[in-house]
Structures are given as C-alpha cells and as structure tokens.
Amino acid sequence: MNFGKLKALSVALMLLSSWISVSAYDFGVNGLYYRIVSFDDLTCSVVPGDKQYSGDIVIPDRVTYNNRELTVTQIDPSAFYMHKNVTSVKIGNSVTVIGSRAFAECSSLTTVEIGSSVKTIGGSAFFNCDALVNVSMPNSVVDIQSLAFCSCGALRKITIPSSVTSIGERAFAGCGFLEDITLGNSLEIIGNDTFNGCTNLEKITIPNSVKTIGDNAFYNCSNLKEISLGSSVEEIGSNAFALCAITEIVIPKSVKSIDGGAFSACSDLKKLTIEDGETQLWLDYNYYHISSSPFEQNVIEGMFYDCPLETVYVGRNFDVYSPANMAFKDIETITDAVIGNNVTIMNGSMFRNCTNLTNLTIGSSVAEIRQSALEGCSNIKKIQALNPIPPVINTTNQDCFSNSTFIDAIVYVPKGSLSAYQNADVWKKFWNLQETETSGIFNVNNERPQNIWVENGNIIIDKTDGNVTIYNASGEVIRTVNSKSRVEIPVHAKGVYIVKTKDNTVKVAL
C-alpha cells in the first residue's frame, strides 16, 4: 500500500534489521536450523541458518538430533526474515512463540497455518508479506503484537480468536484487500492504527467485550459503510473512524469519551444517535489532521468535521468541562435534532450556525439552554418543548433565536403549560405557542427485536399483542393500532420513528 506511514515503517524495519545479529544455530535437521533453548527441558527454537529457507516450510513439534528428542517451542526473531522464496508455513502444535520479524518481508509467502499452542505473535512477525492470503489462527493466541500483519496487502480475511484480549498498534494496518474481519468475544483493546488503511473493509462488528478503540484504529477504511459498536465500549480514540464511508452511527450508552476527529471527514455520515444514558459524555473538539495519508495532512477542527449530518439524536448530557459545547457547530446540513429526556442542559454553541436546522425537539428534563446553543439557527420552523417547566435560556449577549424564528416557528408545549411559556423569558417572544398532547421521547432500545422491521416504506410488526403506537422523532403520535397479529403501518416521510409495543420501545429509520 502506498501509505507514507507504512513506507516509513518499512524503512525503519530495514534499518533495525541491519544491526540485529543473526542467531547462531546449534544443529540442523531436514533443512531447518535450531538453537537449544533448555538442556534441562530439551527444548529448542527455529533460527536462521547458513542458507536461505525456501518453499513449503513445516515446523515440527519435535526434532531428533544425536539420539536426543527435543521439543520445538518457539521461532526466533528474524528466523525467516526476508527469505523471499518461502511460499507456505505450517507451525507445529508445540510452538508457543512466534518471534518478532520472524517472517517479515517473505514476499512469496501465501499461506500460514499457526499451531494450536501459539500464544504470542511477535511484533512485525509477518510485516509486509504482501502475497499472504490465508492465515489460520488458533484459540491459543493471546497476544497479537504491533505491526504483526502490517502491510500484508493480499490478506482478505482474518478471524481473531476469542482468546485474544488485545491487538497491538498497526497490527493489520495497510492490509488494503482485507474485507472480512471477525473479532473474538474476549477482545478488550483495539490498539492505535490497528486497521488503519484497510480500504476494502465494508463492515465491522465491535464485540461487547471491547472497551477501548484506539487512535486511528479504522482511519481511512474508505469503504467501511457499517459499524456496530458493542455495548461495553468506553473510549473511542482520535480519528478512530475518520475518512470512513459510514452513513449512520450509534454511540452506545457505555461510551464515556470520544476524542477529537473520531468521525471527521466521513463524507456519507448523515445520521447520529447518542443512546440514552446517565453517564456524561466527554467529546473532544480539537484540531486534527485529516487526509488519506498520515504524512500528508491538512489541519481541520471538530468531532464531525466534513460530515453531512442531517439527523441528530442526543440521549445524554455532555460533560460540561469538555469541549463538547461546540459538538455540532457549523454543520449546516443538520435539519432535525432531538434532545432526549435524560439531557438536562443544552451546552453553549451546541448547534451554533446550523443554518438548516428545521425541526428541534427539546426533552422533558432540559432545564437550561446555554448561551449561543442555537445561535444562527435561522431556519427553525418547529420546536417541540417537552418540559412543562420552560427551560431557562441564557441570553447574556444576544438572544438564542433569530427574529424570523420568533415570528415563523411553531412551538408545541405540553398540555397545561401554555401560560408558563407565555410568561417565561425568551419563550414569550414566540408568536405561535401551542399546547399539544405529547408522548415525550422514550428511553428506547438500540437492539431492535426480530419481529420489528422496515420494508417498502412500511413499519412491520409481527406477532403483536395489544396496542402498537408509532411516534415521530418529536414524540408526536403518528398512528395507534390494536392487534394480536401482524401489522403493517405505511409511513410516507423518511426519518426516524419510535415503535412502542407491549414489550419493546425501539427506533427505526426509513
């Protein structure tokens, strides 16, 4: 792959290898060279020899020399480094460690079968094996170290066993043909740059065990369209999903922090859902570099820089000390924003200069709208205020709303609260205040049950038992049906809807 960073790494590796001393061997058997690791345990390791290895390599479980049987327990660092005629490797079941750079730069290596006892795959073990297509990795593997499979340009599929708890930095970076990644259900840490530049990857499911997604983890996965974040993710690093092709993203309630630029330059990202939750979310808002090459970058700013967001759902408070005040500042494509019922404060400059924001729902717990939160949102036509007590609007320097909004926008308030809004500062300036029956915004489940789906413009609920109610994103009732069988409800306008049944309350999107 023509990535500046990977080229620099390759050069560094070459320089590093220039001073690595070649391991001395103690004996050779059947074309392989060995070093005795322990005379007491009669164990040995595969090492470089007098001649370059070539062809199909089979590393045995045991080897006999001078009538002594020794167990092969490891492959030494650089054992096969730059042996360009090695075509396949089968590693025996007694080997526990594949050393650093063990097979790096083996440019003809196409297939690797890793034995059932290997625990550690060392740093750069298969670096730049650009013909490598197939890797079989057993459940014994615990540690995949940095750069282990970096720049394996022909690798198409990888399954990380459930025994692995962390993947090192840049372990699969630059694997441009990698299109099928399965992550094991014990994985907790995805390191920095782990899958950076995997440009053929279209879908990734982050298992529920993962807690940390490192900086640049999926940076420039330019065809990555679907991301499912597991329910235990706590940290998403800077630029983690920058320059991806996702159209929507759901941030689980487990996430505590998202660093700057995490979704920057996702030029197809239109829908964002931050799940309902109690924990405050830290959103960084710093200047970050975005380009297709980490060494050829431009300076930009913002969490969602250059993302054409249209629909935003915010289900919990942002940390008041984080730079999240400007989370959606200047995103002119946003048309619909919903602030959920767990949110108590709309941060200052939150939607500042979102000039096409048309529909705004303010949840039932919002008590304060801080200065400039909606400054410059001059096209708001509809506000659904769900708190019967009018939120306090901070107007230290200037009003939150434009004059045209005061004149043209319709503000729906809960039944029985009209008088309170008509007498509240700022709210009383609106010419069109109306009471309405409203459902509020529910704490909804992200996991949609199998009996609810969308098809051909219809919301379909199979095997219902009682009332089914459909709400729009503002909490208004669209339709209520009582049934004990399959229900198909036509919905003519695209958008986010809430489906409430006896057992579930979920969001669906048309």
# chains A, B, ... in the order shown; residues from 1 in each chain; ligands from 1
>>> select_by_dssp(residues="stretch 173-384 of chain A", states="helix (DSSP H, G or I)", output="PyMOL selection string")
chain A and resi 323-326
>>> select_by_dssp(residues="stretch 112-209 of chain A", states="strand (DSSP E or B)", output="list in words")
Val112, Glu113, Thr120, Ile121, Asn134, Val135, Ser136, Asp143, Ile144, Lys157, Ile158, Thr159, Ser166, Ile167, Asp180, Ile181, Thr182, Ile189, Ile190, Lys203, Ile204 and Thr205 of chain A
>>> closest_residue(among="A:Val477, A:Ile206, A:Val487, A:Cys377", to="A:Ser404", atoms="only C-alpha atoms")
A:Cys377
>>> residues_around(residues="stretch 124-139 of chain A", least_positions_apart="6", cutoff="8 Å", atoms="only C-alpha atoms", output="CSV table (one decimal) with all heavy atoms, in the first residue's frame")
chain,number,residue,atom,x,y,z
A,10,SER,N,8.5,0.6,7.0
A,10,SER,CA,9.3,-0.3,6.3
A,10,SER,C,10.8,0.0,6.3
A,10,SER,O,11.7,-0.8,6.6
A,10,SER,CB,8.8,-0.5,4.9
A,10,SER,OG,9.6,-1.5,4.2
A,98,ILE,N,5.9,-17.0,18.3
A,98,ILE,CA,6.5,-16.6,17.0
A,98,ILE,C,7.2,-15.3,17.2
A,98,ILE,O,6.5,-14.3,17.6
A,98,ILE,CB,5.4,-16.4,15.9
A,98,ILE,CG1,4.6,-17.8,15.8
A,98,ILE,CG2,6.0,-16.0,14.6
A,98,ILE,CD1,3.4,-17.7,14.9
A,99,GLY,N,8.5,-15.2,17.1
A,99,GLY,CA,9.3,-14.1,17.5
A,99,GLY,C,9.1,-12.9,16.5
A,99,GLY,O,8.5,-13.0,15.4
A,100,SER,N,9.5,-11.7,17.0
A,100,SER,CA,9.4,-10.5,16.2
A,100,SER,C,10.1,-10.6,14.9
A,100,SER,O,11.2,-11.2,14.8
A,100,SER,CB,9.9,-9.3,17.0
A,100,SER,OG,11.3,-9.5,17.3
A,101,ARG,N,9.5,-10.1,13.8
A,101,ARG,CA,10.1,-10.1,12.5
A,101,ARG,C,10.3,-11.5,11.9
A,101,ARG,O,11.1,-11.7,11.0
A,101,ARG,CB,11.3,-9.3,12.4
A,101,ARG,CG,11.2,-7.9,12.8
A,101,ARG,CD,12.5,-7.2,12.9
A,101,ARG,NE,13.4,-7.8,13.8
A,101,ARG,CZ,13.4,-7.7,15.1
A,101,ARG,NH1,12.5,-6.9,15.7
A,101,ARG,NH2,14.3,-8.3,15.9
A,102,ALA,N,9.8,-12.6,12.6
A,102,ALA,CA,10.1,-14.0,12.2
A,102,ALA,C,9.9,-14.2,10.7
A,102,ALA,O,10.8,-14.9,10.1
A,102,ALA,CB,9.3,-14.9,13.0
A,103,PHE,N,8.9,-13.7,10.1
A,103,PHE,CA,8.6,-14.0,8.7
A,103,PHE,C,8.5,-12.7,7.9
A,103,PHE,O,7.9,-12.6,6.8
A,103,PHE,CB,7.3,-14.8,8.5
A,103,PHE,CG,7.4,-16.2,9.1
A,103,PHE,CD1,7.0,-16.4,10.4
A,103,PHE,CD2,8.0,-17.2,8.4
A,103,PHE,CE1,7.1,-17.7,11.0
A,103,PHE,CE2,8.1,-18.5,9.0
A,103,PHE,CZ,7.6,-18.7,10.3
A,104,ALA,N,8.9,-11.6,8.5
A,104,ALA,CA,8.8,-10.3,7.8
A,104,ALA,C,9.4,-10.3,6.5
A,104,ALA,O,10.5,-10.9,6.3
A,104,ALA,CB,9.4,-9.2,8.7
A,105,GLU,N,8.8,-9.6,5.5
A,105,GLU,CA,9.3,-9.4,4.2
A,105,GLU,C,9.5,-10.7,3.4
A,105,GLU,O,10.3,-10.8,2.4
A,105,GLU,CB,10.7,-8.7,4.2
A,105,GLU,CG,10.6,-7.3,4.9
A,105,GLU,CD,10.1,-6.2,4.1
A,105,GLU,OE1,9.8,-6.4,2.9
A,105,GLU,OE2,10.0,-5.1,4.6
A,106,CYS,N,8.7,-11.8,3.8
A,106,CYS,CA,8.7,-13.0,3.0
A,106,CYS,C,7.7,-12.8,1.9
A,106,CYS,O,6.5,-13.1,2.0
A,106,CYS,CB,8.3,-14.2,3.8
A,106,CYS,SG,9.6,-14.7,5.0
A,107,SER,N,8.2,-12.3,0.8
A,107,SER,CA,7.3,-11.7,-0.3
A,107,SER,C,6.6,-12.8,-1.1
A,107,SER,O,5.6,-12.4,-1.8
A,107,SER,CB,8.1,-10.8,-1.2
A,107,SER,OG,9.2,-11.5,-1.8
A,108,SER,N,6.9,-14.0,-1.0
A,108,SER,CA,6.2,-15.1,-1.7
A,108,SER,C,5.3,-15.9,-0.8
A,108,SER,O,4.7,-16.9,-1.3
A,108,SER,CB,7.3,-16.0,-2.4
A,108,SER,OG,8.0,-15.3,-3.4
A,109,LEU,N,5.3,-15.6,0.5
A,109,LEU,CA,4.5,-16.4,1.5
A,109,LEU,C,3.1,-16.1,1.2
A,109,LEU,O,2.6,-15.0,1.3
A,109,LEU,CB,4.9,-16.0,2.9
A,109,LEU,CG,4.2,-16.7,4.0
A,109,LEU,CD1,4.5,-18.2,4.0
A,109,LEU,CD2,4.7,-16.1,5.4
A,110,THR,N,2.3,-17.2,1.0
A,110,THR,CA,0.9,-17.1,0.7
A,110,THR,C,0.0,-17.7,1.8
A,110,THR,O,-1.1,-17.2,2.0
A,110,THR,CB,0.5,-17.8,-0.7
A,110,THR,OG1,0.8,-19.2,-0.6
A,110,THR,CG2,1.3,-17.2,-1.8
A,111,THR,N,0.5,-18.7,2.5
A,111,THR,CA,-0.4,-19.4,3.5
A,111,THR,C,0.4,-19.6,4.8
A,111,THR,O,1.5,-20.1,4.7
A,111,THR,CB,-0.9,-20.7,2.9
A,111,THR,OG1,-1.6,-20.5,1.7
A,111,THR,CG2,-1.8,-21.4,3.9
A,112,VAL,N,-0.3,-19.4,5.9
A,112,VAL,CA,0.3,-19.6,7.2
A,112,VAL,C,-0.7,-20.4,8.0
A,112,VAL,O,-1.9,-19.9,8.2
A,112,VAL,CB,0.7,-18.3,7.9
A,112,VAL,CG1,1.2,-18.6,9.3
A,112,VAL,CG2,1.8,-17.6,7.1
A,113,GLU,N,-0.3,-21.5,8.6
A,113,GLU,CA,-1.1,-22.3,9.5
A,113,GLU,C,-0.4,-22.3,10.8
A,113,GLU,O,0.7,-22.9,11.0
A,113,GLU,CB,-1.3,-23.7,9.0
A,113,GLU,CG,-2.3,-24.6,9.9
A,113,GLU,CD,-2.5,-26.0,9.3
A,113,GLU,OE1,-2.3,-26.2,8.1
A,113,GLU,OE2,-2.9,-26.9,10.1
A,114,ILE,N,-1.0,-21.7,11.8
A,114,ILE,CA,-0.4,-21.5,13.1
A,114,ILE,C,-0.9,-22.6,14.1
A,114,ILE,O,-2.1,-22.8,14.2
A,114,ILE,CB,-0.8,-20.1,13.7
A,114,ILE,CG1,-0.2,-19.0,12.7
A,114,ILE,CG2,-0.2,-19.9,15.1
A,114,ILE,CD1,-0.6,-17.6,13.1
A,115,GLY,N,0.1,-23.2,14.7
A,115,GLY,CA,-0.2,-24.4,15.6
A,115,GLY,C,-1.0,-24.0,16.8
A,115,GLY,O,-1.1,-22.8,17.2
A,116,SER,N,-1.6,-25.0,17.4
A,116,SER,CA,-2.6,-24.9,18.5
A,116,SER,C,-2.1,-24.4,19.8
A,116,SER,O,-2.9,-24.2,20.7
A,116,SER,CB,-3.4,-26.2,18.6
A,116,SER,OG,-2.5,-27.2,19.0
A,117,SER,N,-0.8,-24.2,19.9
A,117,SER,CA,-0.2,-23.8,21.2
A,117,SER,C,0.4,-22.4,21.2
A,117,SER,O,0.8,-21.9,22.2
A,117,SER,CB,0.9,-24.8,21.7
A,117,SER,OG,0.3,-26.1,21.9
A,118,VAL,N,0.4,-21.8,20.0
A,118,VAL,CA,1.0,-20.5,19.9
A,118,VAL,C,0.2,-19.5,20.7
A,118,VAL,O,-1.0,-19.3,20.6
A,118,VAL,CB,1.1,-20.0,18.4
A,118,VAL,CG1,1.4,-18.5,18.4
A,118,VAL,CG2,2.1,-20.8,17.7
A,145,GLN,N,1.0,-8.7,18.6
A,145,GLN,CA,1.7,-7.5,18.9
A,145,GLN,C,1.8,-6.6,17.7
A,145,GLN,O,1.3,-6.9,16.6
A,145,GLN,CB,3.2,-7.9,19.3
A,145,GLN,CG,3.2,-8.7,20.7
A,145,GLN,CD,4.6,-9.0,21.1
A,145,GLN,OE1,5.6,-8.8,20.5
A,145,GLN,NE2,4.7,-9.6,22.3
A,146,SER,N,2.3,-5.4,18.0
A,146,SER,CA,2.3,-4.3,17.0
A,146,SER,C,2.9,-4.7,15.7
A,146,SER,O,3.9,-5.4,15.6
A,146,SER,CB,3.0,-3.1,17.5
A,146,SER,OG,4.3,-3.3,17.8
A,147,LEU,N,2.3,-4.3,14.6
A,147,LEU,CA,2.8,-4.5,13.2
A,147,LEU,C,2.8,-5.9,12.8
A,147,LEU,O,3.4,-6.3,11.8
A,147,LEU,CB,4.2,-3.9,13.0
A,147,LEU,CG,4.3,-2.4,13.2
A,147,LEU,CD1,5.7,-2.0,13.5
A,147,LEU,CD2,3.8,-1.7,12.0
A,148,ALA,N,2.1,-6.8,13.5
A,148,ALA,CA,2.2,-8.3,13.3
A,148,ALA,C,2.0,-8.6,11.8
A,148,ALA,O,2.7,-9.4,11.2
A,148,ALA,CB,1.3,-9.0,14.3
A,149,PHE,N,0.9,-8.1,11.3
A,149,PHE,CA,0.5,-8.4,9.9
A,149,PHE,C,0.4,-7.1,9.1
A,149,PHE,O,-0.3,-7.1,8.0
A,149,PHE,CB,-0.8,-9.1,9.9
A,149,PHE,CG,-0.8,-10.5,10.5
A,149,PHE,CD1,-1.1,-10.6,11.9
A,149,PHE,CD2,-0.5,-11.6,9.8
A,149,PHE,CE1,-1.1,-11.9,12.5
A,149,PHE,CE2,-0.4,-12.9,10.3
A,149,PHE,CZ,-0.7,-13.0,11.7
A,150,CYS,N,1.1,-6.1,9.5
A,150,CYS,CA,1.0,-4.8,8.8
A,150,CYS,C,1.5,-4.9,7.4
A,150,CYS,O,2.5,-5.6,7.1
A,150,CYS,CB,1.9,-3.8,9.6
A,150,CYS,SG,2.0,-2.2,8.9
A,151,SER,N,0.7,-4.3,6.5
A,151,SER,CA,1.1,-4.2,5.1
A,151,SER,C,1.1,-5.5,4.4
A,151,SER,O,1.8,-5.7,3.4
A,151,SER,CB,2.4,-3.5,4.9
A,151,SER,OG,2.5,-3.0,3.6
A,152,CYS,N,0.2,-6.5,4.9
A,152,CYS,CA,0.0,-7.7,4.1
A,152,CYS,C,-1.1,-7.4,3.1
A,152,CYS,O,-2.3,-7.7,3.4
A,152,CYS,CB,-0.4,-8.8,5.1
A,152,CYS,SG,1.0,-9.4,6.2
A,153,GLY,N,-0.7,-6.9,2.0
A,153,GLY,CA,-1.6,-6.3,1.0
A,153,GLY,C,-2.6,-7.3,0.4
A,153,GLY,O,-3.6,-6.9,-0.2
A,154,ALA,N,-2.3,-8.6,0.4
A,154,ALA,CA,-3.2,-9.6,-0.3
A,154,ALA,C,-4.2,-10.3,0.7
A,154,ALA,O,-5.0,-11.0,0.3
A,154,ALA,CB,-2.4,-10.6,-1.0
A,155,LEU,N,-4.0,-10.0,2.0
A,155,LEU,CA,-4.8,-10.7,3.0
A,155,LEU,C,-6.2,-10.2,2.9
A,155,LEU,O,-6.5,-9.0,2.9
A,155,LEU,CB,-4.2,-10.4,4.4
A,155,LEU,CG,-4.8,-11.2,5.6
A,155,LEU,CD1,-4.5,-12.6,5.5
A,155,LEU,CD2,-4.2,-10.6,6.9
A,156,ARG,N,-7.1,-11.2,2.8
A,156,ARG,CA,-8.6,-10.9,2.6
A,156,ARG,C,-9.4,-11.2,3.8
A,156,ARG,O,-10.5,-10.5,4.0
A,156,ARG,CB,-9.1,-11.6,1.4
A,156,ARG,CG,-8.5,-11.2,0.1
A,156,ARG,CD,-9.1,-11.9,-1.1
A,156,ARG,NE,-8.5,-11.5,-2.4
A,156,ARG,CZ,-8.9,-10.4,-3.1
A,156,ARG,NH1,-9.9,-9.7,-2.6
A,156,ARG,NH2,-8.3,-10.1,-4.2
A,157,LYS,N,-9.0,-12.1,4.6
A,157,LYS,CA,-9.9,-12.5,5.8
A,157,LYS,C,-9.1,-12.8,7.0
A,157,LYS,O,-8.0,-13.4,6.9
A,157,LYS,CB,-10.7,-13.7,5.4
A,157,LYS,CG,-11.7,-14.2,6.4
A,157,LYS,CD,-12.5,-15.4,6.0
A,157,LYS,CE,-13.4,-16.0,7.0
A,157,LYS,NZ,-14.2,-17.1,6.6
A,158,ILE,N,-9.5,-12.3,8.1
A,158,ILE,CA,-8.9,-12.7,9.4
A,158,ILE,C,-9.9,-12.9,10.5
A,158,ILE,O,-10.9,-12.1,10.6
A,158,ILE,CB,-7.9,-11.6,9.8
A,158,ILE,CG1,-6.9,-12.1,10.9
A,158,ILE,CG2,-8.5,-10.3,10.2
A,158,ILE,CD1,-5.9,-13.1,10.4
A,159,THR,N,-9.7,-13.9,11.3
A,159,THR,CA,-10.6,-14.2,12.4
A,159,THR,C,-9.7,-14.1,13.7
A,159,THR,O,-8.7,-14.9,13.8
A,159,THR,CB,-11.2,-15.6,12.3
A,159,THR,OG1,-12.1,-15.6,11.2
A,159,THR,CG2,-12.0,-15.8,13.6
A,160,ILE,N,-10.0,-13.2,14.5
A,160,ILE,CA,-9.3,-13.0,15.8
A,160,ILE,C,-9.9,-13.9,16.8
A,160,ILE,O,-11.1,-13.8,17.1
A,160,ILE,CB,-9.3,-11.6,16.3
A,160,ILE,CG1,-8.8,-10.6,15.2
A,160,ILE,CG2,-8.5,-11.4,17.6
A,160,ILE,CD1,-7.4,-10.8,14.8
A,161,PRO,N,-9.2,-14.9,17.3
A,161,PRO,CA,-9.8,-15.9,18.2
A,161,PRO,C,-10.3,-15.3,19.5
A,161,PRO,O,-9.9,-14.2,19.9
A,161,PRO,CB,-8.6,-16.9,18.5
A,161,PRO,CG,-7.5,-16.5,17.7
A,161,PRO,CD,-7.8,-15.1,17.1
A,162,SER,N,-11.2,-16.0,20.2
A,162,SER,CA,-11.8,-15.5,21.4
A,162,SER,C,-10.8,-15.4,22.6
A,162,SER,O,-11.1,-14.8,23.6
A,162,SER,CB,-13.0,-16.3,21.8
A,162,SER,OG,-12.6,-17.7,22.0
A,163,SER,N,-9.6,-16.0,22.4
A,163,SER,CA,-8.6,-16.0,23.4
A,163,SER,C,-7.8,-14.7,23.5
A,163,SER,O,-7.2,-14.3,24.5
A,163,SER,CB,-7.6,-17.1,23.2
A,163,SER,OG,-7.1,-17.1,21.9
A,164,VAL,N,-7.9,-13.9,22.4
A,164,VAL,CA,-7.1,-12.6,22.3
A,164,VAL,C,-7.8,-11.5,23.1
A,164,VAL,O,-9.0,-11.3,22.9
A,164,VAL,CB,-6.9,-12.2,20.8
A,164,VAL,CG1,-6.3,-10.8,20.7
A,164,VAL,CG2,-6.1,-13.3,20.1
A,171,ALA,N,-1.3,-3.5,13.9
A,171,ALA,CA,-1.2,-4.9,13.6
A,171,ALA,C,-1.6,-5.3,12.2
A,171,ALA,O,-1.1,-6.2,11.6
A,171,ALA,CB,-2.0,-5.7,14.7
>>> atom_distance(atom1="atom CA of A:Met350", atom2="atom CA of A:Ile274")
14.3 Å
>>> residues_around(residues="stretch 29-35 of chain A", least_positions_apart="2", cutoff="12 Å", atoms="only C-alpha atoms", output="PyMOL selection string")
chain A and resi 22-27+37-39+42-60+62-66+69-76+79-80
>>> closest_residue(among="A:Cys244, A:Val142, A:Val250, A:Leu357", to="A:Ala265", atoms="only C-alpha atoms")
A:Cys244
>>> residues_around(residues="A:Val312", least_positions_apart="5", cutoff="12 Å", atoms="only C-alpha atoms", output="ChimeraX atom specification")
/A:248-251,269-275,304,307,327-328,331,333-340,350-351,354,357,359-361,473-474,495-496
>>> atom_distance(atom1="atom CA of A:Ile489", atom2="atom CA of A:Thr311")
22.3 Å
>>> atom_distance(atom1="atom CA of A:Ile189", atom2="atom CA of A:Asp259")
15.8 Å
>>> closest_residue(among="A:Ser402, A:Glu488, A:Pro390, A:Ile478", to="A:Gln422", atoms="only C-alpha atoms")
A:Pro390
>>> residues_around(residues="A:Ala217", least_positions_apart="5", cutoff="9 Å", atoms="only C-alpha atoms", output="MDAnalysis selection string")
chainID A and resid 169:170 173 190:196 237:241
>>> residues_around(residues="A:Phe401", least_positions_apart="5", cutoff="7 Å", atoms="only C-alpha atoms", output="list in words")
Leu374, Glu375 and Phe406 of chain A
>>> closest_residue(among="A:Leu281, A:Val86, A:Ile470, A:Val392", to="A:Pro252", atoms="only C-alpha atoms")
A:Leu281
